[in-house]
$ cat query.txt   # compact mmCIF, C-alpha atoms
# COMPACT_ATOMS: atom_id res chain seq x y z
CA MET Y 823 -73.05 8.72 -62.62
CA ARG Y 824 -71.39 11.27 -60.32
CA THR Y 825 -67.82 10.48 -59.11
CA LEU Y 826 -66.54 11.56 -55.71
CA PRO Y 827 -63.52 13.89 -55.62
CA VAL Y 828 -60.27 12.09 -54.88
CA GLU Y 829 -58.40 13.44 -51.86
CA PRO Y 830 -54.64 13.87 -52.25
CA ALA Y 831 -52.46 11.24 -50.53
CA GLY Y 832 -51.71 12.03 -46.94
CA ALA Y 833 -54.44 14.68 -46.55
CA PRO Y 834 -56.56 14.47 -43.35
CA LEU Y 835 -60.12 13.22 -43.63
CA PRO Y 836 -62.76 15.97 -43.87
CA ASP Y 837 -64.51 14.78 -40.75
CA SER Y 838 -61.31 14.22 -38.76
CA PRO Y 839 -61.19 16.41 -35.61
CA ASP Y 840 -57.39 16.28 -35.54
CA GLU Y 841 -55.60 18.28 -38.25
CA ARG Y 842 -52.08 17.68 -36.85
CA PRO Y 843 -49.60 15.61 -38.89
CA PRO Y 844 -48.40 12.30 -37.43
CA LEU Y 845 -45.59 12.58 -34.85
CA ILE Y 846 -43.31 10.09 -36.62
CA ARG Y 847 -43.38 9.74 -40.40
CA ARG Y 848 -42.36 6.67 -42.34
CA THR Y 849 -39.36 8.45 -43.82
CA GLU Y 850 -38.10 9.30 -40.32
CA ILE Y 851 -38.40 5.64 -39.27
CA VAL Y 852 -36.45 4.54 -42.35
CA ALA Y 853 -33.75 7.16 -41.69
CA PHE Y 854 -33.47 6.10 -38.04
CA ALA Y 855 -33.19 2.43 -39.05
CA LEU Y 856 -30.45 3.21 -41.58
CA VAL Y 857 -28.49 5.22 -39.02
CA ALA Y 858 -28.84 2.39 -36.47
CA LEU Y 859 -27.60 -0.16 -39.02
CA LEU Y 860 -24.66 2.10 -39.91
CA ILE Y 861 -23.69 2.40 -36.22
CA ILE Y 862 -23.88 -1.38 -35.78
CA VAL Y 863 -21.70 -1.94 -38.85
CA VAL Y 864 -19.11 0.63 -37.67
CA ILE Y 865 -18.97 -0.92 -34.17
CA GLY Y 866 -18.56 -4.39 -35.66
CA LEU Y 867 -15.79 -3.14 -37.95
CA LEU Y 868 -13.96 -1.48 -35.04
CA TYR Y 869 -14.24 -4.69 -33.02
CA VAL Y 870 -13.09 -7.03 -35.77
CA ALA Y 871 -10.30 -4.75 -37.04
CA LYS Y 872 -9.02 -3.85 -33.56
CA PRO Y 873 -5.32 -4.62 -34.38
CA PHE Y 874 -5.44 -1.86 -37.02
CA PHE Y 875 -7.83 0.76 -35.63
CA LEU Y 876 -6.69 0.71 -31.98
CA PRO Y 877 -3.07 1.82 -32.66
CA ILE Y 878 -4.22 4.38 -35.23
CA VAL Y 879 -6.91 5.96 -33.04
CA THR Y 880 -4.62 5.91 -30.00
CA ALA Y 881 -1.86 7.62 -32.01
CA PHE Y 882 -4.31 10.28 -33.24
CA VAL Y 883 -5.63 10.99 -29.74
CA VAL Y 884 -2.21 10.99 -28.03
CA GLY Y 885 -0.72 12.98 -30.92
CA THR Y 886 -3.42 15.63 -30.56
CA MET Y 887 -2.67 15.79 -26.85
CA LEU Y 888 1.08 16.25 -27.46
CA SER Y 889 0.79 18.67 -30.38
CA PRO Y 890 0.73 21.80 -28.17
CA ALA Y 891 4.14 20.76 -26.79
CA ALA Y 892 5.52 20.50 -30.34
CA THR Y 893 4.07 23.91 -31.18
CA TYR Y 894 5.74 25.38 -28.10
CA MET Y 895 9.11 23.83 -29.02
CA GLU Y 896 8.84 25.26 -32.55
CA ARG Y 897 9.09 28.75 -31.07
CA TRP Y 898 12.71 27.92 -30.25
CA ARG Y 899 13.37 27.29 -33.96
CA ILE Y 900 13.43 23.51 -33.57
CA PRO Y 901 12.12 21.67 -36.66
CA ARG Y 902 8.76 20.06 -36.03
CA ALA Y 903 10.01 16.59 -37.06
CA VAL Y 904 12.75 16.82 -34.41
CA CYS Y 905 10.16 18.03 -31.90
CA ALA Y 906 8.01 14.99 -32.65
CA VAL Y 907 10.89 12.57 -32.11
CA LEU Y 908 11.98 14.29 -28.86
CA ILE Y 909 8.45 14.37 -27.44
CA VAL Y 910 7.78 10.72 -28.22
CA ALA Y 911 11.18 9.71 -26.81
CA LEU Y 912 10.52 11.60 -23.55
CA ALA Y 913 7.04 10.08 -23.29
CA LEU Y 914 8.43 6.57 -23.82
CA ALA Y 915 11.12 7.21 -21.21
CA GLY Y 916 8.47 8.23 -18.66
CA VAL Y 917 6.35 5.19 -19.43
CA GLY Y 918 9.41 2.94 -19.22
CA PHE Y 919 10.32 4.38 -15.81
CA MET Y 920 6.81 3.69 -14.49
CA VAL Y 921 6.86 0.16 -15.91
CA ALA Y 922 10.24 -0.49 -14.25
CA LEU Y 923 8.88 0.59 -10.87
CA ILE Y 924 5.86 -1.69 -11.27
CA SER Y 925 7.63 -4.70 -12.77
CA VAL Y 926 10.14 -5.21 -9.92
CA PRO Y 927 7.55 -6.11 -7.23
CA LEU Y 928 5.35 -7.84 -9.80
CA ILE Y 929 8.11 -10.26 -10.80
CA ASP Y 930 9.00 -10.88 -7.16
CA TRP Y 931 5.41 -11.61 -6.14
CA THR Y 932 4.77 -13.75 -9.21
CA SER Y 933 7.67 -16.03 -8.30
CA ARG Y 934 6.23 -16.46 -4.78
CA LEU Y 935 2.62 -17.19 -5.75
CA PRO Y 936 2.34 -20.64 -4.08
CA GLU Y 937 3.80 -19.30 -0.83
CA LEU Y 938 1.60 -16.20 -0.94
CA GLY Y 939 -1.46 -18.35 -1.61
CA VAL Y 940 -0.83 -20.37 1.56
CA ILE Y 941 -0.33 -17.17 3.59
CA LEU Y 942 -3.55 -15.67 2.23
CA ARG Y 943 -5.49 -18.85 3.03
CA ASP Y 944 -4.18 -18.84 6.60
CA LYS Y 945 -5.02 -15.15 7.09
CA LEU Y 946 -8.58 -15.71 5.85
CA SER Y 947 -9.14 -18.85 7.91
CA PHE Y 948 -11.63 -17.04 10.18
CA PHE Y 949 -14.05 -17.00 7.24
CA GLU Y 950 -14.30 -20.80 7.37
CA ARG Y 951 -16.90 -20.77 10.17
CA PRO Y 952 -19.33 -18.36 8.39
CA MET Y 953 -18.88 -20.35 5.17
CA GLY Y 954 -19.62 -23.57 7.06
CA LEU Y 955 -22.79 -22.04 8.51
CA TRP Y 956 -23.80 -20.91 5.02
CA ARG Y 957 -23.31 -24.43 3.64
CA GLN Y 958 -25.39 -25.88 6.48
CA LEU Y 959 -28.15 -23.36 5.76
CA GLN Y 960 -28.12 -24.32 2.09
CA SER Y 961 -28.32 -28.00 3.04
CA ALA Y 962 -31.21 -27.34 5.44
CA MET Y 963 -33.14 -25.52 2.71
CA GLY Y 964 -32.86 -28.50 0.39
CA GLY Y 965 -29.74 -27.56 -1.55
CA THR Y 966 -27.02 -30.00 -2.41
CA GLU Y 967 -24.05 -30.20 -0.10
CA PRO Y 968 -21.06 -28.65 -1.94
CA THR Y 969 -17.86 -30.58 -1.92
CA VAL Y 970 -15.16 -29.00 0.20
CA PRO Y 971 -11.73 -29.09 -1.42
CA ALA Y 972 -8.79 -30.36 0.48
CA ALA Y 973 -7.21 -27.71 2.68
CA SER Y 974 -3.70 -28.40 1.54
CA GLN Y 975 -4.44 -28.44 -2.20
CA MET Y 976 -3.87 -25.18 -4.00
CA PRO Y 977 -5.56 -24.48 -7.35
CA GLN Y 978 -3.34 -24.35 -10.35
CA ILE Y 979 -2.55 -20.76 -11.30
CA ASP Y 980 -2.72 -20.42 -15.06
CA TRP Y 981 -3.95 -16.85 -15.42
CA MET Y 982 -0.64 -15.09 -16.01
CA GLN Y 983 -0.27 -15.79 -19.72
CA PRO Y 984 -3.89 -14.88 -20.69
CA THR Y 985 -3.67 -11.71 -18.59
CA LEU Y 986 -0.42 -10.60 -20.22
CA GLU Y 987 -1.82 -11.37 -23.67
CA PHE Y 988 -4.88 -9.24 -22.83
CA LEU Y 989 -2.94 -6.30 -21.42
CA SER Y 990 0.08 -6.24 -23.74
CA PRO Y 991 -0.20 -5.19 -27.38
CA THR Y 992 1.67 -7.09 -30.04
CA LEU Y 993 4.94 -5.80 -31.45
CA THR Y 994 3.25 -4.95 -34.76
CA GLU Y 995 0.56 -2.89 -33.03
CA PHE Y 996 3.17 -1.04 -30.97
CA LEU Y 997 5.30 -0.22 -34.02
CA LEU Y 998 2.21 0.93 -35.92
CA PHE Y 999 1.27 3.17 -33.00
CA LEU Y 1000 4.79 4.55 -32.62
CA VAL Y 1001 5.33 5.38 -36.31
CA THR Y 1002 1.83 6.86 -36.67
CA LEU Y 1003 2.33 8.98 -33.54
CA VAL Y 1004 5.64 10.48 -34.74
CA LEU Y 1005 4.30 11.17 -38.24
CA PHE Y 1006 1.05 12.64 -36.88
CA ILE Y 1007 2.82 15.09 -34.56
CA ALA Y 1008 5.31 16.04 -37.28
CA SER Y 1009 2.61 16.71 -39.91
CA TRP Y 1010 -0.29 17.87 -37.74
CA LYS Y 1011 -0.10 21.51 -38.88
CA ASP Y 1012 -0.22 20.49 -42.56
CA LEU Y 1013 -3.03 18.02 -41.89
CA ARG Y 1014 -5.07 20.63 -40.09
CA ARG Y 1015 -4.54 23.18 -42.85
CA ALA Y 1016 -5.55 20.67 -45.52
CA LEU Y 1017 -8.65 19.67 -43.56
CA VAL Y 1018 -9.73 23.30 -43.14
CA MET Y 1019 -9.11 24.20 -46.79
CA ASN Y 1020 -11.12 21.17 -47.89
CA PHE Y 1021 -14.30 23.16 -47.20
CA GLY Y 1022 -15.39 25.70 -49.76
CA GLY Y 1023 -17.29 28.26 -47.71
CA ARG Y 1024 -15.70 30.76 -45.35
CA ASP Y 1025 -18.09 29.95 -42.50
CA ALA Y 1026 -17.44 26.21 -42.82
CA ARG Y 1027 -13.68 26.80 -42.76
CA LEU Y 1028 -13.88 28.99 -39.66
CA ARG Y 1029 -16.10 26.48 -37.89
CA THR Y 1030 -13.73 23.61 -38.73
CA LEU Y 1031 -10.74 25.64 -37.52
CA ARG Y 1032 -12.50 26.46 -34.26
CA ILE Y 1033 -13.39 22.79 -33.74
CA LEU Y 1034 -9.82 21.60 -34.36
CA ASN Y 1035 -8.33 24.29 -32.13
CA GLU Y 1036 -10.72 23.53 -29.28
CA ILE Y 1037 -10.14 19.77 -29.56
CA GLU Y 1038 -6.38 20.30 -29.45
CA GLN Y 1039 -6.59 22.68 -26.48
CA SER Y 1040 -9.06 20.50 -24.58
CA LEU Y 1041 -7.13 17.26 -25.07
CA GLY Y 1042 -3.77 18.91 -24.37
CA GLY Y 1043 -5.09 20.51 -21.20
CA TYR Y 1044 -6.74 17.26 -20.16
CA LEU Y 1045 -3.52 15.25 -20.59
CA LEU Y 1046 -1.34 17.78 -18.75
CA THR Y 1047 -3.78 18.21 -15.87
CA VAL Y 1048 -4.58 14.52 -15.44
CA THR Y 1049 -0.88 13.56 -15.64
CA ILE Y 1050 0.07 16.02 -12.89
CA ILE Y 1051 -2.87 14.92 -10.73
CA ASN Y 1052 -2.05 11.23 -11.20
CA LEU Y 1053 1.64 11.74 -10.38
CA CYS Y 1054 0.70 13.50 -7.14
CA TYR Y 1055 -1.93 10.81 -6.54
CA GLY Y 1056 0.69 8.07 -6.96
CA ALA Y 1057 3.15 9.87 -4.69
CA ALA Y 1058 0.48 10.23 -2.00
CA THR Y 1059 -0.38 6.53 -2.35
CA GLY Y 1060 3.29 5.66 -1.94
CA VAL Y 1061 3.49 7.78 1.23
CA ILE Y 1062 0.38 6.07 2.63
CA CYS Y 1063 1.86 2.64 1.88
CA ALA Y 1064 5.20 3.62 3.47
CA LEU Y 1065 3.50 4.91 6.64
CA ALA Y 1066 1.40 1.71 6.83
CA GLY Y 1067 4.54 -0.45 6.50
CA MET Y 1068 3.61 -1.96 3.12
CA PRO Y 1069 6.38 -3.55 1.02
CA ASN Y 1070 7.71 -1.61 -1.99
CA PRO Y 1071 5.66 1.60 -1.59
CA ALA Y 1072 7.30 3.16 -4.67
CA GLY Y 1073 6.03 0.39 -6.94
CA LEU Y 1074 2.54 0.56 -5.43
CA GLY Y 1075 2.49 4.33 -5.90
CA ALA Y 1076 3.56 3.99 -9.53
CA LEU Y 1077 0.86 1.37 -10.08
CA ALA Y 1078 -1.76 3.67 -8.53
CA ALA Y 1079 -0.70 6.58 -10.76
CA THR Y 1080 -0.86 4.37 -13.86
CA LEU Y 1081 -4.23 2.80 -13.07
CA ASN Y 1082 -5.76 6.19 -12.28
CA PHE Y 1083 -5.60 7.06 -16.00
CA ILE Y 1084 -8.54 4.64 -16.35
CA PRO Y 1085 -11.44 6.26 -14.44
CA VAL Y 1086 -13.60 4.27 -12.02
CA ILE Y 1087 -12.03 0.88 -12.83
CA GLY Y 1088 -8.44 1.87 -12.04
CA PRO Y 1089 -8.99 2.97 -8.41
CA ILE Y 1090 -11.18 -0.10 -7.73
CA VAL Y 1091 -8.48 -2.45 -9.04
CA MET Y 1092 -5.85 -0.61 -6.98
CA PHE Y 1093 -7.96 -0.89 -3.83
CA VAL Y 1094 -8.28 -4.65 -4.33
CA ILE Y 1095 -4.51 -4.97 -4.90
CA LEU Y 1096 -3.70 -2.97 -1.76
CA THR Y 1097 -6.13 -5.08 0.26
CA LEU Y 1098 -4.56 -8.35 -0.89
CA VAL Y 1099 -1.00 -7.08 -0.39
CA GLY Y 1100 -1.86 -5.74 3.05
CA ILE Y 1101 -3.52 -8.96 4.20
CA ILE Y 1102 -0.61 -11.07 2.97
CA SER Y 1103 2.31 -8.93 4.08
CA MET Y 1104 1.15 -7.45 7.38
CA PRO Y 1105 1.05 -9.47 10.64
CA THR Y 1106 -2.58 -8.64 11.56
CA MET Y 1107 -5.72 -7.98 9.58
CA GLY Y 1108 -6.14 -4.51 11.09
CA GLU Y 1109 -2.66 -3.42 10.05
CA GLY Y 1110 -3.21 -4.88 6.58
CA LEU Y 1111 -6.33 -2.76 6.06
CA LEU Y 1112 -4.70 0.55 7.04
CA ALA Y 1113 -3.26 1.25 3.57
CA PRO Y 1114 -6.47 0.34 1.66
CA LEU Y 1115 -8.55 2.55 3.96
CA GLY Y 1116 -6.12 5.45 3.57
CA PHE Y 1117 -6.16 4.92 -0.20
CA ALA Y 1118 -9.98 4.94 -0.18
CA VAL Y 1119 -10.00 8.30 1.65
CA LEU Y 1120 -7.41 9.67 -0.80
CA THR Y 1121 -9.44 8.49 -3.79
CA PHE Y 1122 -12.62 10.07 -2.40
CA VAL Y 1123 -10.91 13.43 -1.83
CA GLU Y 1124 -9.19 13.34 -5.24
CA GLY Y 1125 -12.32 12.37 -7.16
CA HIS Y 1126 -14.79 14.70 -5.45
CA PHE Y 1127 -12.73 17.78 -4.59
CA ILE Y 1128 -9.25 18.00 -6.13
CA THR Y 1129 -9.84 16.91 -9.74
CA PRO Y 1130 -13.14 18.83 -10.26
CA THR Y 1131 -11.59 21.97 -8.77
CA ILE Y 1132 -8.43 21.83 -10.91
CA ILE Y 1133 -10.02 20.72 -14.17
CA GLY Y 1134 -12.94 23.10 -13.77
CA ARG Y 1135 -16.30 23.10 -15.49
CA ARG Y 1136 -14.82 23.38 -18.97
CA LEU Y 1137 -13.47 19.83 -18.96
CA GLU Y 1138 -15.75 18.44 -16.26
CA LEU Y 1139 -17.59 15.40 -17.60
CA ASN Y 1140 -20.87 13.90 -16.52
CA ALA Y 1141 -20.28 10.86 -14.30
CA LEU Y 1142 -22.91 8.75 -16.08
CA ALA Y 1143 -21.52 9.64 -19.51
CA VAL Y 1144 -17.98 8.79 -18.36
CA PHE Y 1145 -19.13 5.43 -16.96
CA ILE Y 1146 -21.06 4.46 -20.11
CA ALA Y 1147 -18.19 5.54 -22.38
CA LEU Y 1148 -15.73 3.65 -20.17
CA ALA Y 1149 -17.82 0.48 -20.24
CA PHE Y 1150 -18.30 0.66 -24.02
CA TRP Y 1151 -14.70 1.36 -25.03
CA THR Y 1152 -13.31 -1.13 -22.50
CA TRP Y 1153 -15.60 -3.81 -23.92
CA LEU Y 1154 -14.62 -2.85 -27.45
CA TRP Y 1155 -10.84 -2.39 -27.11
CA GLY Y 1156 -9.84 -3.57 -23.65
CA PRO Y 1157 -7.68 -1.50 -21.23
CA MET Y 1158 -6.51 0.92 -23.95
CA GLY Y 1159 -10.15 1.54 -24.78
CA GLY Y 1160 -10.69 2.51 -21.15
CA PHE Y 1161 -7.78 4.96 -21.42
CA LEU Y 1162 -9.30 6.46 -24.59
CA ALA Y 1163 -12.84 6.72 -23.19
CA SER Y 1164 -12.56 10.18 -21.61
CA PRO Y 1165 -10.57 11.81 -24.48
CA LEU Y 1166 -13.02 10.46 -27.06
CA LEU Y 1167 -15.90 11.70 -24.92
CA ILE Y 1168 -14.31 15.17 -24.85
CA VAL Y 1169 -13.99 15.11 -28.66
CA GLY Y 1170 -17.65 14.13 -28.95
CA LEU Y 1171 -18.75 16.95 -26.64
CA VAL Y 1172 -16.73 19.52 -28.61
CA LEU Y 1173 -18.29 18.33 -31.89
CA LYS Y 1174 -21.76 18.45 -30.35
CA GLU Y 1175 -21.19 21.97 -29.08
CA HIS Y 1176 -20.19 23.29 -32.51
CA LEU Y 1177 -22.34 21.20 -34.85
CA VAL Y 1178 -25.68 20.85 -33.06
CA ALA Y 1179 -27.95 23.86 -33.50
CA GLU Y 1180 -28.63 25.86 -30.36
CA ASP Y 1181 -32.08 27.12 -31.42
CA THR Y 1182 -33.79 23.80 -30.67
CA PRO Y 1183 -37.52 23.93 -29.92
CA GLN Y 1184 -38.51 24.18 -26.28
CA LEU Y 1185 -40.40 21.42 -24.52
CA PRO Y 1186 -43.97 22.06 -23.35
CA GLY Y 1187 -44.40 23.74 -20.01
CA ARG Y 1188 -45.38 20.60 -18.12
CA TYR Y 1189 -41.95 19.04 -18.97
CA ASP Y 1190 -39.86 22.01 -17.80

$ encode --input "query.txt" --output "structure tokens"
Amino acid sequence: MRTLPVEPAGAPLPDSPDERPPLIRRTEIVAFALVALLIIVVIGLLYVAKPFFLPIVTAFVVGTMLSPAATYMERWRIPRAVCAVLIVALALAGVGFMVALISVPLIDWTSRLPELGVILRDKLSFFERPMGLWRQLQSAMGGTEPTVPAASQMPQIDWMQPTLEFLSPTLTEFLLFLVTLVLFIASWKDLRRALVMNFGGRDARLRTLRILNEIEQSLGGYLLTVTIINLCYGAATGVICALAGMPNPAGLGALAATLNFIPVIGPIVMFVILTLVGIISMPTMGEGLLAPLGFAVLTFVEGHFITPTIIGRRLELNALAVFIALAFWTWLWGPMGGFLASPLLIVGLVLKEHLVAEDTPQLPGRYD
């Protein structure tokens, strides 16, 4: 009895018209699934262990941004440990000054919340007729008639404590960030040297050194440029508020400069704040909207002309990538995650530029 020859596993059938291998192999699917599971586990770990990872990552990012200043101060024969302490102290003094400017009007307005709520309700009373028409339309279409609350009853305001708990880190997190930041700046040169020498080959060492140098230069340039832009942005906002007759223009300008460190979300929040403050504090609705409209024009000019021109193409980031990174890190770590979104995106782009091969295969002509 004659036996048929056994074809090797994976070989195409003799009568198959297609000799091409499958587009996706089983091993590639398994590798993709393992990578996806690893990413999910890492994200879950970062979310659960936020009190530990957030101060550490923030200290690493901010320390990398401030390292060029320590390197510059070393040229004047100042020990690097002293440079680290001086830089962190100056940074904390600047942050404290901004917080002082913001906290004065915030405390004043918080103590007057019931009074301000009544004023806001009176200023927005002209919306009662459109809302009444909308309720009548809902009732005519078969909807249930919503109950109208009493005009004199104000809702209980209990959002201050949850908001402060969300925005303010704990004392332990702040101390962990502060100590890590000082130690990181003081020992960054030794850490970088140890990381480079950890690789055996000459090419790997040179590539690692280039990556670290470019990350340090990019983050340092980003921090310096964005800080100068935001300070000018806050000063311009203060001038707009002063010309519009808004109360405490210095505090509003400081708040605008601080919120502008968080892209997209910061200017939107500031526009809402200026609108509410203008409606409450100004005698007419038109005068109350002057400062928000001027701020909107300033934000448009700053976002579309000034910042792209000053930062240039080297640090210019894709708007969609910035928005996705901002949404992800804000969801993961709150407001500090939003602050870290752009620096972490810059680090990712630098790593991609140096680690991903440039000789990738070209797409077919119909996809060009």

$ residues_near_point --input "query.txt" --point "(9.6, 12.3, -29.3)" --cutoff "10 Å" --atoms "only C-alpha atoms" --output "PyMOL selection string"
chain Y and resi 888+892+903-915+1000+1003-1004+1007-1008

$ residues_around --input "query.txt" --residues "range 1149-1161 of chain Y" --least-positions-apart "3" --cutoff "6 Å" --atoms "only C-alpha atoms" --output "MDAnalysis selection string"
chainID Y and resid 869 1084 1146

$ closest_residue --input "query.txt" --among "Y:Val1169, Y:Arg1032, Y:Arg847, Y:Ile924" --to "Ala1078 in chain Y" --atoms "all atoms listed in the file"
Y:Ile924

$ residues_around --input "query.txt" --residues "Val879 in chain Y" --least-positions-apart "6" --cutoff "10 Å" --atoms "all atoms listed in the file" --output "list in words"
Gly885, Phe999, Thr1002, Leu1003, Gly1159, Leu1162 and Leu1166 of chain Y

$ write_last_selection --input "query.txt" --atoms "C-alpha atoms" --output "tab-separated table (two decimals), keeping the file's coordinate frame"
chain	number	residue	atom	x	y	z
Y	885	GLY	CA	-0.72	12.98	-30.92
Y	999	PHE	CA	1.27	3.17	-33.00
Y	1002	THR	CA	1.83	6.86	-36.67
Y	1003	LEU	CA	2.33	8.98	-33.54
Y	1159	GLY	CA	-10.15	1.54	-24.78
Y	1162	LEU	CA	-9.30	6.46	-24.59
Y	1166	LEU	CA	-13.02	10.46	-27.06

$ atom_distance --input "query.txt" --atom1 "CA of Phe919 in chain Y" --atom2 "CA of Phe1122 in chain Y"
27.2 Å

$ closest_residue --input "query.txt" --among "Y:Gly1170, Y:Gly1042, Y:Pro1085, Y:Gly1060" --to "Val884 in chain Y" --atoms "all atoms listed in the file"
Y:Gly1042

$ atom_distance --input "query.txt" --atom1 "CA of Phe1117 in chain Y" --atom2 "CA of Ala1143 in chain Y"
25.1 Å

$ residues_near_point --input "query.txt" --point "(-0.9, -6.6, -1.0)" --cutoff "12 Å" --atoms "only C-alpha atoms" --output "ChimeraX atom specification"
/Y:927-928,931,938-939,941-942,1063,1066-1071,1073-1074,1091-1104,1107,1109-1114

$ axis_aligned_box --input "query.txt" --around "range 1023-1041 of chain Y" --padding-each-side "3 Å" --output "JSON"
{"center_x": -12.2, "center_y": 24.0, "center_z": -36.1, "size_x": 17.7, "size_y": 19.5, "size_z": 29.1}

$ residues_around --input "query.txt" --residues "Gly1056 in chain Y" --least-positions-apart "6" --cutoff "6 Å" --atoms "all atoms listed in the file" --output "PyMOL selection string"
chain Y and resi 1075-1076+1078-1079

$ closest_residue --input "query.txt" --among "Y:Thr1047, Y:Ala1072, Y:Met963, Y:Lys1011" --to "Thr893 in chain Y" --atoms "all atoms listed in the file"
Y:Lys1011

$ atom_distance --input "query.txt" --atom1 "CA of Val870 in chain Y" --atom2 "CA of Leu1005 in chain Y"
25.3 Å

$ closest_residue --input "query.txt" --among "Y:Leu856, Y:Ile1087, Y:Ala1057, Y:Leu1013" --to "Thr886 in chain Y" --atoms "all atoms listed in the file"
Y:Leu1013

$ closest_residue --input "query.txt" --among "Y:Met920, Y:Ala1147, Y:Ile1062, Y:Ile1037" --to "Thr1080 in chain Y" --atoms "all atoms listed in the file"
Y:Met920

$ closest_residue --input "query.txt" --among "Y:Leu1053, Y:Gln1039, Y:Val1178, Y:Gly1088" --to "Gly916 in chain Y" --atoms "all atoms listed in the file"
Y:Leu1053
